[in-house]
>>> print(open('upload17.cif').read())   # mmCIF, C-alpha atoms and all ligand atoms
data_start
#
loop_
_atom_site.label_atom_id
_atom_site.label_comp_id
_atom_site.auth_asym_id
_atom_site.auth_seq_id
_atom_site.Cartn_x
_atom_site.Cartn_y
_atom_site.Cartn_z
CA MET A 1 0.00 0.00 0.00
CA LEU A 2 2.66 2.48 1.10
CA THR A 3 4.82 1.85 -1.94
CA LYS A 4 2.02 1.80 -4.51
CA ALA A 5 0.62 4.96 -6.12
CA PRO A 6 -3.17 5.34 -5.73
CA LYS A 7 -5.35 3.61 -8.35
CA GLY A 8 -5.60 5.58 -11.59
CA THR A 9 -2.45 7.61 -10.94
CA MET A 10 1.10 7.03 -12.08
CA ASP A 11 4.58 8.37 -11.67
CA ILE A 12 6.45 9.89 -14.55
CA LYS A 13 9.67 7.97 -14.13
CA PRO A 14 13.04 9.72 -14.59
CA SER A 15 13.62 7.51 -17.63
CA ASP A 16 10.42 8.88 -19.26
CA ALA A 17 10.50 12.50 -18.08
CA TYR A 18 12.47 13.64 -21.15
CA LYS A 19 9.52 12.66 -23.39
CA TRP A 20 7.20 14.92 -21.39
CA GLN A 21 9.76 17.71 -21.45
CA TYR A 22 10.15 17.43 -25.23
CA ILE A 23 6.40 17.51 -25.86
CA GLU A 24 5.84 20.35 -23.40
CA GLU A 25 8.60 22.32 -25.10
CA GLU A 26 6.90 21.83 -28.50
CA MET A 27 3.65 23.03 -26.90
CA ARG A 28 5.27 26.15 -25.47
CA LYS A 29 6.93 26.81 -28.84
CA ILE A 30 3.70 26.56 -30.83
CA CYS A 31 1.84 28.73 -28.28
CA LYS A 32 4.48 31.42 -28.72
CA GLN A 33 3.98 31.26 -32.49
CA PHE A 34 0.21 31.61 -32.03
CA GLY A 35 0.53 34.46 -29.50
CA VAL A 36 -0.89 32.34 -26.69
CA LYS A 37 0.31 33.11 -23.14
CA GLU A 38 0.47 30.76 -20.18
CA VAL A 39 -1.94 30.95 -17.24
CA ARG A 40 -1.38 28.95 -14.04
CA THR A 41 -4.39 28.41 -11.83
CA PRO A 42 -4.81 26.45 -8.58
CA VAL A 43 -5.21 22.67 -8.53
CA PHE A 44 -8.38 23.14 -6.48
CA GLU A 45 -11.24 25.59 -6.83
CA HIS A 46 -14.59 26.17 -5.13
CA THR A 47 -16.86 23.25 -6.03
CA GLU A 48 -19.52 25.63 -7.31
CA LEU A 49 -17.23 26.78 -10.11
CA PHE A 50 -17.36 23.35 -11.72
CA GLN A 51 -21.03 22.76 -10.90
CA ARG A 52 -21.92 26.01 -12.67
CA GLY A 53 -19.17 25.91 -15.25
CA VAL A 54 -18.95 22.30 -16.40
CA GLY A 55 -22.66 21.72 -15.70
CA ASP A 56 -24.33 19.66 -13.01
CA THR A 57 -25.97 17.18 -15.40
CA THR A 58 -22.60 16.08 -16.77
CA ASP A 59 -20.90 12.80 -15.80
CA VAL A 60 -17.88 14.82 -14.72
CA VAL A 61 -19.82 16.78 -12.10
CA GLU A 62 -22.35 14.09 -11.17
CA LYS A 63 -19.99 11.18 -10.73
CA GLU A 64 -16.35 12.02 -11.19
CA MET A 65 -15.28 14.96 -9.07
CA TYR A 66 -12.86 14.76 -6.16
CA THR A 67 -14.80 16.95 -3.75
CA PHE A 68 -14.15 17.46 -0.05
CA ASN A 69 -14.74 19.97 2.71
CA ASP A 70 -11.60 21.73 3.88
CA LYS A 71 -10.87 22.56 7.52
CA GLY A 72 -12.79 25.83 7.10
CA ASP A 73 -15.80 23.75 5.93
CA ARG A 74 -15.64 25.08 2.37
CA SER A 75 -16.52 22.68 -0.41
CA ILE A 76 -13.41 22.29 -2.54
CA THR A 77 -12.90 20.28 -5.75
CA LEU A 78 -9.72 19.15 -7.49
CA ARG A 79 -10.02 20.52 -11.02
CA PRO A 80 -11.50 17.94 -13.42
CA GLU A 81 -10.54 20.16 -16.41
CA GLY A 82 -8.93 23.50 -17.13
CA THR A 83 -11.54 25.70 -18.79
CA ALA A 84 -13.57 26.67 -15.70
CA GLY A 85 -10.43 27.77 -13.81
CA ALA A 86 -9.13 29.72 -16.82
CA VAL A 87 -12.48 31.51 -17.13
CA ARG A 88 -12.55 32.27 -13.40
CA SER A 89 -9.05 33.70 -13.64
CA PHE A 90 -9.95 35.71 -16.76
CA ILE A 91 -12.85 37.31 -14.89
CA GLU A 92 -11.05 37.75 -11.55
CA HIS A 93 -8.14 39.65 -13.10
CA GLY A 94 -10.28 41.73 -15.45
CA LEU A 95 -8.43 40.42 -18.50
CA PHE A 96 -11.48 41.48 -20.57
CA ASN A 97 -10.27 45.08 -20.06
CA GLU A 98 -7.16 44.35 -22.14
CA PRO A 99 -7.16 44.44 -25.93
CA GLN A 100 -8.92 41.29 -27.11
CA PRO A 101 -8.64 38.47 -27.90
CA THR A 102 -6.98 37.06 -24.81
CA LYS A 103 -5.29 33.78 -25.74
CA LEU A 104 -4.30 31.55 -22.83
CA PHE A 105 -2.72 28.12 -22.50
CA TYR A 106 -2.24 25.77 -19.57
CA LEU A 107 -0.31 22.59 -18.84
CA ILE A 108 -2.02 21.08 -15.83
CA SER A 109 -2.89 17.97 -13.87
CA CYS A 110 -6.63 17.12 -13.72
CA TYR A 111 -8.62 14.77 -11.50
CA ARG A 112 -11.63 12.63 -12.41
CA TYR A 113 -12.89 9.64 -10.46
CA GLU A 114 -13.21 7.36 -13.50
CA LYS A 115 -12.76 3.64 -13.96
CA PRO A 116 -9.08 3.44 -14.85
CA GLN A 117 -8.14 1.76 -18.15
CA ALA A 118 -5.62 2.34 -20.93
CA GLY A 119 -5.67 6.08 -21.66
CA ARG A 120 -8.11 6.82 -18.83
CA TYR A 121 -6.74 7.81 -15.45
CA ARG A 122 -7.89 9.48 -12.25
CA GLU A 123 -5.00 11.90 -12.36
CA PHE A 124 -4.12 12.93 -15.89
CA HIS A 125 -2.56 15.92 -17.60
CA GLN A 126 -4.02 18.35 -20.08
CA PHE A 127 -2.56 20.88 -22.45
CA GLY A 128 -5.34 23.36 -23.19
CA VAL A 129 -5.81 26.65 -25.02
CA GLU A 130 -8.64 29.16 -24.57
CA TYR A 131 -9.42 32.13 -26.85
CA PHE A 132 -11.49 34.84 -25.14
CA GLY A 133 -13.21 37.87 -26.61
CA THR A 134 -13.90 36.84 -30.19
CA GLN A 135 -16.82 35.12 -31.82
CA SER A 136 -15.15 34.91 -35.19
CA PRO A 137 -15.17 31.55 -36.98
CA ALA A 138 -11.60 32.40 -38.05
CA ALA A 139 -10.61 32.29 -34.35
CA ASP A 140 -12.24 28.86 -34.02
CA ALA A 141 -10.38 27.63 -37.08
CA GLU A 142 -7.08 29.00 -35.77
CA MET A 143 -7.69 27.49 -32.34
CA ILE A 144 -8.46 24.09 -33.91
CA SER A 145 -5.40 24.35 -36.14
CA LEU A 146 -3.15 24.60 -33.09
CA PRO A 147 -3.47 21.01 -31.80
CA TRP A 148 -3.70 19.78 -35.40
CA THR A 149 -0.39 21.44 -36.30
CA LEU A 150 1.20 20.30 -33.04
CA TYR A 151 0.22 16.67 -33.68
CA LYS A 152 1.63 16.88 -37.21
CA ARG A 153 4.91 18.33 -35.92
CA LEU A 154 5.15 15.51 -33.41
CA GLY A 155 4.79 13.05 -36.29
CA LEU A 156 1.30 11.66 -35.59
CA LYS A 157 -0.48 9.87 -38.41
CA ASN A 158 -4.06 8.68 -39.07
CA LEU A 159 -5.66 11.69 -37.45
CA THR A 160 -9.27 12.68 -38.03
CA LEU A 161 -10.78 16.03 -37.13
CA ASN A 162 -14.49 15.55 -36.42
CA LEU A 163 -16.55 18.68 -36.48
CA ASN A 164 -20.10 19.62 -35.55
CA SER A 165 -22.19 22.62 -34.56
CA ILE A 166 -24.53 22.28 -31.60
CA GLY A 167 -26.09 25.69 -32.16
CA CYS A 168 -26.92 28.36 -29.63
CA PRO A 169 -29.31 28.14 -26.64
CA LYS A 170 -32.07 29.50 -28.91
CA CYS A 171 -31.93 26.85 -31.64
CA ARG A 172 -31.01 24.11 -29.16
CA LYS A 173 -34.18 24.68 -27.16
CA GLU A 174 -36.35 24.02 -30.21
CA TYR A 175 -34.21 21.03 -31.14
CA ASN A 176 -34.46 19.49 -27.64
CA GLU A 177 -38.25 19.45 -27.97
CA LYS A 178 -37.99 17.79 -31.39
CA LEU A 179 -35.56 15.21 -30.01
CA LYS A 180 -37.77 14.46 -27.02
CA ASP A 181 -40.77 13.94 -29.31
CA TYR A 182 -38.71 11.47 -31.32
CA LEU A 183 -37.43 9.64 -28.21
CA LYS A 184 -40.76 9.49 -26.38
CA PRO A 185 -41.94 6.17 -27.88
CA HIS A 186 -38.49 4.64 -27.08
CA TYR A 187 -38.30 6.02 -23.54
CA ASP A 188 -38.74 2.68 -21.75
CA ASP A 189 -35.89 1.11 -23.75
CA LEU A 190 -33.37 3.84 -22.92
CA CYS A 191 -30.64 3.03 -20.38
CA GLU A 192 -31.14 4.42 -16.87
CA THR A 193 -28.63 7.23 -17.42
CA CYS A 194 -30.42 8.33 -20.60
CA LYS A 195 -33.85 8.17 -18.92
CA ASN A 196 -32.36 10.65 -16.50
CA ARG A 197 -31.01 12.76 -19.36
CA TYR A 198 -34.38 12.78 -21.18
CA ASP A 199 -35.71 15.82 -19.29
CA ARG A 200 -32.51 17.38 -18.03
CA ASN A 201 -30.24 17.25 -21.08
CA PRO A 202 -31.70 15.12 -23.93
CA MET A 203 -28.90 15.97 -26.36
CA ARG A 204 -26.46 13.88 -24.32
CA ILE A 205 -28.47 10.77 -25.26
CA LEU A 206 -26.91 11.08 -28.74
CA ASP A 207 -23.54 10.49 -27.09
CA CYS A 208 -24.51 7.36 -25.10
CA LYS A 209 -22.19 4.36 -25.49
CA SER A 210 -24.91 1.73 -24.79
CA SER A 211 -25.72 -0.23 -27.95
CA ILE A 212 -29.48 -0.02 -27.34
CA CYS A 213 -29.40 3.78 -27.01
CA LYS A 214 -27.08 3.98 -30.01
CA ASP A 215 -29.65 2.03 -32.02
CA ILE A 216 -32.51 4.23 -30.84
CA VAL A 217 -30.81 7.49 -31.84
CA LYS A 218 -29.83 6.19 -35.28
CA ASN A 219 -32.80 7.94 -36.93
CA ALA A 220 -33.10 10.82 -34.47
CA PRO A 221 -33.37 14.35 -35.87
CA LEU A 222 -29.92 15.97 -36.01
CA LEU A 223 -29.17 19.31 -34.42
CA ILE A 224 -26.98 20.32 -37.34
CA ASP A 225 -30.13 20.19 -39.54
CA CYS A 226 -32.03 22.46 -37.14
CA ILE A 227 -29.54 25.23 -36.25
CA CYS A 228 -30.52 28.86 -36.83
CA ASP A 229 -29.18 31.02 -39.68
CA GLU A 230 -26.56 32.73 -37.53
CA CYS A 231 -25.16 29.41 -36.27
CA ARG A 232 -25.23 27.94 -39.78
CA ASP A 233 -23.39 30.93 -41.16
CA HIS A 234 -20.76 30.58 -38.43
CA PHE A 235 -20.33 26.88 -39.18
CA GLU A 236 -20.07 27.39 -42.95
CA ASN A 237 -17.38 30.04 -42.45
CA LEU A 238 -15.47 27.84 -40.00
CA LYS A 239 -15.37 25.11 -42.64
CA LYS A 240 -14.11 27.62 -45.22
CA TYR A 241 -11.31 28.80 -42.91
CA LEU A 242 -10.23 25.23 -42.17
CA THR A 243 -10.24 24.45 -45.88
CA ALA A 244 -8.18 27.59 -46.53
CA MET A 245 -5.57 26.25 -44.06
CA ASP A 246 -5.61 22.78 -45.72
CA ILE A 247 -6.97 21.15 -42.59
CA PRO A 248 -9.19 18.23 -43.54
CA PHE A 249 -12.28 17.55 -41.43
CA GLU A 250 -15.27 15.28 -41.26
CA ILE A 251 -18.70 16.37 -40.10
CA ASP A 252 -19.93 14.16 -37.27
CA PRO A 253 -23.46 15.26 -36.32
CA LEU A 254 -23.41 13.01 -33.24
CA ILE A 255 -20.62 14.88 -31.44
CA VAL A 256 -22.22 16.73 -28.54
CA ARG A 257 -19.27 16.64 -26.04
CA GLY A 258 -19.57 15.65 -22.40
CA LEU A 259 -19.45 19.13 -20.87
CA ASP A 260 -22.40 21.53 -20.81
CA TYR A 261 -20.84 24.84 -21.76
CA TYR A 262 -20.54 24.43 -25.53
CA THR A 263 -22.31 26.55 -28.15
CA LYS A 264 -21.94 26.41 -31.94
CA THR A 265 -18.58 24.75 -32.76
CA VAL A 266 -17.66 21.41 -31.19
CA PHE A 267 -14.81 19.20 -32.36
CA GLU A 268 -12.76 16.16 -31.48
CA ILE A 269 -9.53 14.83 -32.91
CA THR A 270 -9.16 11.07 -32.98
CA ALA A 271 -6.12 8.95 -33.75
CA LYS A 272 -6.75 5.60 -35.36
CA ASN A 273 -4.26 2.93 -34.39
CA GLU A 274 -4.14 -0.80 -34.84
CA ASN A 275 -5.78 -1.47 -31.49
CA SER A 276 -7.56 1.73 -30.66
CA ASN A 277 -9.47 4.67 -32.05
CA GLY A 278 -9.44 7.17 -29.27
CA THR A 279 -10.26 10.83 -28.79
CA ILE A 280 -7.02 12.58 -28.06
CA CYS A 281 -8.29 16.16 -28.16
CA GLY A 282 -11.62 17.91 -27.75
CA GLY A 283 -13.08 21.36 -27.50
CA GLY A 284 -15.31 23.98 -28.97
CA ARG A 285 -16.97 27.34 -28.52
CA TYR A 286 -18.56 28.38 -25.24
CA ASP A 287 -20.07 31.82 -25.69
CA GLY A 288 -22.18 31.76 -22.51
CA LEU A 289 -19.67 30.54 -19.92
CA VAL A 290 -17.97 33.80 -18.92
CA GLU A 291 -21.39 35.34 -18.24
CA GLU A 292 -22.58 32.19 -16.45
CA LEU A 293 -19.61 32.47 -14.10
CA GLY A 294 -20.21 36.12 -13.26
CA GLY A 295 -18.39 38.07 -15.98
CA GLY A 296 -20.02 40.07 -18.77
CA TYR A 297 -20.78 38.61 -22.18
CA VAL A 298 -17.45 37.41 -23.58
CA PRO A 299 -17.54 34.86 -26.40
CA ALA A 300 -14.84 32.20 -26.17
CA SER A 301 -13.59 28.91 -27.55
CA GLY A 302 -10.85 26.42 -26.75
CA PHE A 303 -9.62 22.86 -26.58
CA ALA A 304 -7.75 20.49 -24.32
CA LEU A 305 -5.71 17.43 -25.16
CA GLY A 306 -4.61 14.64 -22.88
CA MET A 307 -0.85 14.29 -22.43
CA GLU A 308 -0.98 10.58 -21.49
CA ARG A 309 -3.14 9.74 -24.52
CA LEU A 310 -0.80 11.71 -26.76
CA LEU A 311 2.22 9.78 -25.45
CA LEU A 312 0.37 6.45 -25.77
CA THR A 313 -0.59 7.28 -29.36
CA MET A 314 2.98 8.26 -30.22
CA GLU A 315 4.18 4.97 -28.76
CA GLU A 316 1.53 2.97 -30.63
CA GLN A 317 2.53 4.70 -33.86
CA GLY A 318 6.21 3.94 -33.25
CA ILE A 319 7.24 7.60 -32.96
CA GLU A 320 10.49 7.77 -31.03
CA ILE A 321 11.53 10.73 -28.95
CA LEU A 322 15.28 11.11 -28.64
CA ASP A 323 16.70 11.80 -25.21
CA ASP A 324 18.94 14.81 -25.66
CA ASN A 325 19.44 15.28 -21.93
CA LYS A 326 22.63 13.20 -22.09
CA LEU A 327 25.50 14.51 -19.96
CA ASP A 328 28.35 16.23 -21.80
CA ILE A 329 31.26 14.87 -19.82
CA TYR A 330 32.25 12.42 -17.10
CA VAL A 331 35.25 13.46 -15.03
CA GLY A 332 36.99 10.36 -13.70
CA HIS A 333 39.85 10.43 -11.22
CA ILE A 334 42.57 8.10 -10.00
CA GLY A 335 43.28 8.04 -6.26
CA ASP A 336 41.43 9.65 -3.35
CA GLU A 337 43.61 12.76 -3.29
CA ASN A 338 42.58 13.69 -6.86
CA SER A 339 38.92 13.60 -5.94
CA PHE A 340 39.25 17.29 -4.93
CA PHE A 341 40.50 18.23 -8.42
CA ALA A 342 37.66 16.26 -9.99
CA GLN A 343 35.08 18.06 -7.83
CA LYS A 344 36.60 21.47 -8.66
CA LEU A 345 36.68 20.71 -12.40
CA VAL A 346 33.09 19.48 -12.40
CA ALA A 347 31.97 22.65 -10.58
CA ASP A 348 33.89 24.89 -13.02
CA LEU A 349 32.56 22.99 -16.04
CA ARG A 350 28.97 23.41 -14.83
CA ASN A 351 29.61 27.15 -14.44
CA CYS A 352 30.77 27.15 -18.08
CA GLY A 353 27.37 25.70 -19.10
CA ILE A 354 28.61 22.13 -19.49
CA SER A 355 26.72 19.20 -17.91
CA ALA A 356 29.23 17.14 -15.97
CA GLU A 357 29.26 14.21 -13.56
CA ARG A 358 31.86 12.50 -11.36
CA ASP A 359 32.09 9.51 -9.06
CA HIS A 360 30.43 9.67 -5.66
CA LEU A 361 30.78 6.01 -4.67
CA GLY A 362 34.53 5.47 -4.43
CA ARG A 363 34.62 3.37 -7.62
CA SER A 364 37.82 2.19 -9.27
CA VAL A 365 38.79 4.00 -12.53
CA LYS A 366 37.58 0.97 -14.50
CA ALA A 367 34.22 1.01 -12.70
CA GLN A 368 33.97 4.80 -13.18
CA MET A 369 34.38 4.39 -16.96
CA LYS A 370 31.82 1.57 -17.00
CA TYR A 371 29.43 3.87 -15.19
CA ALA A 372 30.19 6.74 -17.63
CA ASN A 373 29.32 4.38 -20.48
CA LYS A 374 26.05 3.49 -18.85
CA LEU A 375 25.19 7.17 -18.45
CA GLY A 376 25.80 7.58 -22.18
CA VAL A 377 28.04 10.66 -21.74
CA LYS A 378 29.47 12.33 -24.83
CA TYR A 379 33.01 12.82 -23.44
CA THR A 380 35.20 11.46 -20.64
CA VAL A 381 38.39 12.71 -19.03
CA ILE A 382 40.49 10.99 -16.35
CA LEU A 383 42.48 12.97 -13.79
CA GLY A 384 45.56 11.18 -12.49
CA ASP A 385 48.76 12.54 -10.88
CA ASP A 386 50.40 13.03 -14.31
CA GLU A 387 47.50 15.03 -15.77
CA ILE A 388 47.29 17.26 -12.74
CA ALA A 389 51.04 17.86 -12.65
CA ALA A 390 51.14 18.70 -16.39
CA GLN A 391 47.79 20.55 -16.34
CA LYS A 392 46.95 18.66 -19.52
CA ALA A 393 44.52 15.80 -20.07
CA LYS A 394 43.11 13.61 -22.82
CA ILE A 395 39.45 14.20 -23.62
CA LYS A 396 37.82 11.16 -25.15
CA ASN A 397 34.96 11.50 -27.61
CA MET A 398 32.87 8.46 -26.70
CA ASP A 399 31.00 8.28 -30.03
CA GLU A 400 34.11 8.38 -32.18
CA GLY A 401 36.56 6.81 -29.72
CA SER A 402 39.08 9.59 -30.56
CA GLU A 403 41.22 11.34 -27.91
CA THR A 404 42.48 14.94 -27.88
CA GLU A 405 44.99 16.32 -25.44
CA ILE A 406 44.04 19.77 -24.15
CA GLU A 407 44.78 22.16 -21.34
CA LEU A 408 43.21 21.08 -18.05
CA SER A 409 40.86 24.01 -17.54
CA ALA A 410 37.09 24.11 -17.59
CA GLN A 411 37.10 26.82 -20.27
CA ALA A 412 39.42 24.86 -22.59
CA ILE A 413 37.30 21.71 -22.16
CA ALA A 414 34.09 23.70 -22.70
CA ASN A 415 35.54 25.22 -25.90
CA HIS A 416 36.50 21.76 -27.12
CA ILE A 417 33.04 20.32 -26.40
CA ASN A 418 31.17 23.22 -27.94
P1 LIG B 501 -12.50 16.77 -22.39
O1 LIG B 501 -12.93 16.18 -23.70
O2 LIG B 501 -13.26 16.36 -21.17
O3 LIG B 501 -12.55 18.34 -22.59
O4 LIG B 501 -10.97 16.45 -22.15
C1 LIG B 501 -10.01 16.79 -23.11
C2 LIG B 501 -8.99 15.69 -23.29
O5 LIG B 501 -8.45 15.30 -22.01
C3 LIG B 501 -9.56 14.37 -23.84
O6 LIG B 501 -9.65 14.41 -25.24
C4 LIG B 501 -8.52 13.37 -23.38
O7 LIG B 501 -7.41 13.37 -24.24
C5 LIG B 501 -8.11 13.93 -22.02
N1 LIG B 501 -8.79 13.22 -20.94
C6 LIG B 501 -10.03 13.45 -20.43
N2 LIG B 501 -10.30 12.61 -19.41
C7 LIG B 501 -9.21 11.83 -19.26
C8 LIG B 501 -8.85 10.76 -18.35
N3 LIG B 501 -9.66 10.36 -17.40
N4 LIG B 501 -7.62 10.20 -18.49
C9 LIG B 501 -6.77 10.62 -19.44
N5 LIG B 501 -7.05 11.61 -20.32
C10 LIG B 501 -8.24 12.21 -20.23
C11 LIG B 501 -12.22 19.24 -21.62
O8 LIG B 501 -11.67 18.95 -20.58
C12 LIG B 501 -12.51 20.67 -22.00
N6 LIG B 501 -12.11 21.53 -20.89
C13 LIG B 501 -11.81 21.05 -23.28
C14 LIG B 501 -12.04 22.48 -23.66
C15 LIG B 501 -11.21 23.51 -23.47
N7 LIG B 501 -13.12 22.95 -24.25
C16 LIG B 501 -13.00 24.24 -24.42
N8 LIG B 501 -11.84 24.61 -23.93
#
>>> encode(input="upload17.cif", output="structure tokens")
Amino acid sequence: MLTKAPKGTMDIKPSDAYKWQYIEEEMRKICKQFGVKEVRTPVFEHTELFQRGVGDTTDVVEKEMYTFNDKGDRSITLRPEGTAGAVRSFIEHGLFNEPQPTKLFYLISCYRYEKPQAGRYREFHQFGVEYFGTQSPAADAEMISLPWTLYKRLGLKNLTLNLNSIGCPKCRKEYNEKLKDYLKPHYDDLCETCKNRYDRNPMRILDCKSSICKDIVKNAPLLIDCICDECRDHFENLKKYLTAMDIPFEIDPLIVRGLDYYTKTVFEITAKNENSNGTICGGGRYDGLVEELGGGYVPASGFALGMERLLLTMEEQGIEILDDNKLDIYVGHIGDENSFFAQKLVADLRNCGISAERDHLGRSVKAQMKYANKLGVKYTVILGDDEIAAQKAKIKNMDEGSETEIELSAQAIANHIN
């Protein structure tokens, strides 16, 4: 128990951390190119934020939140996603007073009490982007192009962008009535969850995974056929912008998304692999959320992608990430008295911007070199009495096996390595 991480969580081992660092660096790079700035919000928020923001008829809020009372008897929830916190922060700091749009990104851990399985965890990590202050379909297209471009840069294949419009509250209200009329004769056959959804949020029935419900909704009226002129216009323009950027998409009228805040655009990106066909990214427009959470009317849209699912997909597709965190040089030494010189050289090398390591276990020279090999260092140098007396040493290039004699100073070694 003590030495096992809680169910649905996992450690990022030192031998895997470089993959996360590489991907996060690519994310930061692309955000810079898109003019998107980082926001960091707390891991926990007031429970009400998610109840109001994510929606209290959603699975996330109904079944999956980590909620507890703190010592001051406040109801607190570990964030199940990043949008609600980003919106809260946007309102709290009056970011709507700055020239719009405000483009924010986050790299965060999230918590959902779900049944753990491959690609589904209780603690997972999201990279998300939110665009505030614009209702333009061009902004939606740009926002969608960000994860698409990122995935392409990371080398992902077999990606599909599925797109839908779920209209605005006005057209959705009319549609919900139409859908309920259609579902009424099938009500008794719906699963228990969908019976519950029938009055509270009938659209979610379209998203049910049960085969009986799937069968029932096969001929249901589609929201995309019922949206108002303004929503249709928005959707048509979004498609044109995506086409202009050479981003292929498929219309999937059954995408409704599991969170309540969406309006108009919704999308998911899936990656098809030999054994899986999973959603690796999802998002859309949420024009009513800022107002719902106490700000003024600020249209917005965004997405989030799961880091673990991205890494799993890269692995399944055989995409290798090279570890370029290898140490530059291993400084070996012969004899206890030369340990001081080794320590001094390592310290000086690090101050010259070189990554360096030495022995801390009293190994023999042979064992030190074996260890250096295991570390995969680029260069080695051995300090014995002769080298220290002459202030000259042989630097060995481990890839080529070649040796060069140079002056025994950190700067000279750094110049040689660079
Ligand atoms: P979401 O679809 O709930 O959307 O989550 C986004 C992504 O997070 C999923 O596509 C998946 O890759 C990952 N994910 C979700 N749950 C888990 C889990 N239990 N284990 C591992 N990965 C998971 C949102 O969270 C919205 N906030 C996205 C958004 C941003 N919409 C507008 N702005």
>>> residues_near_ligand(input="upload17.cif", ligand="ligand LIG 501 (chain B)", cutoff="9 Å", atoms="all atoms listed in the file", output="number ranges by chain")
A: 8, 54, 60, 80-84, 110-131, 257-259, 261-262, 266, 268-270, 278-286, 300-310
>>> residues_around(input="upload17.cif", residues="Ser75 (chain A)", least_positions_apart="3", cutoff="12 Å", atoms="only C-alpha atoms", output="VMD selection string")
chain A and resid 44 to 51 65 to 72 78
>>> atom_distance(input="upload17.cif", atom1="CA of Leu156 (chain A)", atom2="CA of Thr243 (chain A)")
20.1 Å
>>> residues_around(input="upload17.cif", residues="Lys394 (chain A)", least_positions_apart="3", cutoff="9 Å", atoms="all atoms listed in the file", output="JSON list (two decimals) with C-alpha atoms, in the frame of the given file")
[["chain", "number", "residue", "atom", "x", "y", "z"],
["A", 380, "THR", "CA", 35.20, 11.46, -20.64],
["A", 381, "VAL", "CA", 38.39, 12.71, -19.03],
["A", 382, "ILE", "CA", 40.49, 10.99, -16.35],
["A", 387, "GLU", "CA", 47.50, 15.03, -15.77],
["A", 403, "GLU", "CA", 41.22, 11.34, -27.91],
["A", 404, "THR", "CA", 42.48, 14.94, -27.88],
["A", 405, "GLU", "CA", 44.99, 16.32, -25.44],
["A", 406, "ILE", "CA", 44.04, 19.77, -24.15],
["A", 407, "GLU", "CA", 44.78, 22.16, -21.34],
["A", 408, "LEU", "CA", 43.21, 21.08, -18.05]]
>>> residues_around(input="upload17.cif", residues="region 167-169 of chain A", least_positions_apart="5", cutoff="7 Å", atoms="only C-alpha atoms", output="VMD selection string")
chain A and resid 227 231 263 to 264
>>> closest_residue(input="upload17.cif", among="A:Glu230, A:Lys239, A:Tyr297, A:Asp324", to="Cys171 (chain A)", atoms="only C-alpha atoms")
A:Glu230
>>> residues_around(input="upload17.cif", residues="region 197-203 of chain A", least_positions_apart="6", cutoff="9 Å", atoms="all atoms listed in the file", output="list in words")
Thr57, Thr58, Arg172, Tyr175, Asn176, Glu177, Leu179, Lys180, Leu183, Lys184, Tyr187, Leu223, Val256 and Asp260 of chain A
>>> closest_residue(input="upload17.cif", among="A:Leu150, A:Val298, A:Ile30, A:Leu361", to="Pro101 (chain A)", atoms="only C-alpha atoms")
A:Val298
>>> closest_residue(input="upload17.cif", among="A:Lys396, A:Arg350, A:Arg40, A:Lys19", to="Ile321 (chain A)", atoms="all atoms listed in the file")
A:Lys19
>>> atom_distance(input="upload17.cif", atom1="CA of Lys378 (chain A)", atom2="CA of Arg153 (chain A)")
27.6 Å
>>> residues_near_point(input="upload17.cif", point="(-7.9, 35.4, -22.6)", cutoff="12 Å", atoms="all atoms listed in the file", output="VMD selection string")
chain A and resid 35 to 39 83 85 to 106 129 to 134 290 298 to 302
>>> residues_near_point(input="upload17.cif", point="(44.4, 11.7, -13.6)", cutoff="8 Å", atoms="only C-alpha atoms", output="PDB file with C-alpha atoms, in the frame of the given file")
ATOM      1  CA  GLY A 332      36.990  10.360 -13.700  1.00  0.00           C
ATOM      2  CA  HIS A 333      39.850  10.430 -11.220  1.00  0.00           C
ATOM      3  CA  ILE A 334      42.570   8.100 -10.000  1.00  0.00           C
ATOM      4  CA  ASN A 338      42.580  13.690  -6.860  1.00  0.00           C
ATOM      5  CA  ILE A 382      40.490  10.990 -16.350  1.00  0.00           C
ATOM      6  CA  LEU A 383      42.480  12.970 -13.790  1.00  0.00           C
ATOM      7  CA  GLY A 384      45.560  11.180 -12.490  1.00  0.00           C
ATOM      8  CA  ASP A 385      48.760  12.540 -10.880  1.00  0.00           C
ATOM      9  CA  ASP A 386      50.400  13.030 -14.310  1.00  0.00           C
ATOM     10  CA  GLU A 387      47.500  15.030 -15.770  1.00  0.00           C
ATOM     11  CA  ILE A 388      47.290  17.260 -12.740  1.00  0.00           C
ATOM     12  CA  ALA A 393      44.520  15.800 -20.070  1.00  0.00           C
TER      13      ALA A 393
END
>>> atom_distance(input="upload17.cif", atom1="CA of Glu26 (chain A)", atom2="CA of Lys152 (chain A)")
11.3 Å
>>> closest_residue(input="upload17.cif", among="A:Leu289, A:Met27, A:Ile224, A:Leu375", to="Ser15 (chain A)", atoms="only C-alpha atoms")
A:Leu375
>>> closest_residue(input="upload17.cif", among="A:Ala356, A:Leu345, A:Ile205, A:Ala138", to="Ala372 (chain A)", atoms="all atoms listed in the file")
A:Ala356
>>> closest_residue(input="upload17.cif", among="A:Lys272, A:Lys370, A:Lys344, A:Lys209", to="Ala410 (chain A)", atoms="all atoms listed in the file")
A:Lys344
>>> residues_around(input="upload17.cif", residues="His234 (chain A)", least_positions_apart="4", cutoff="9 Å", atoms="all atoms listed in the file", output="list in words")
Gln135, Ser136, Pro137, Ser165, Asp229, Glu230, Leu238, Lys239, Lys264 and Thr265 of chain A
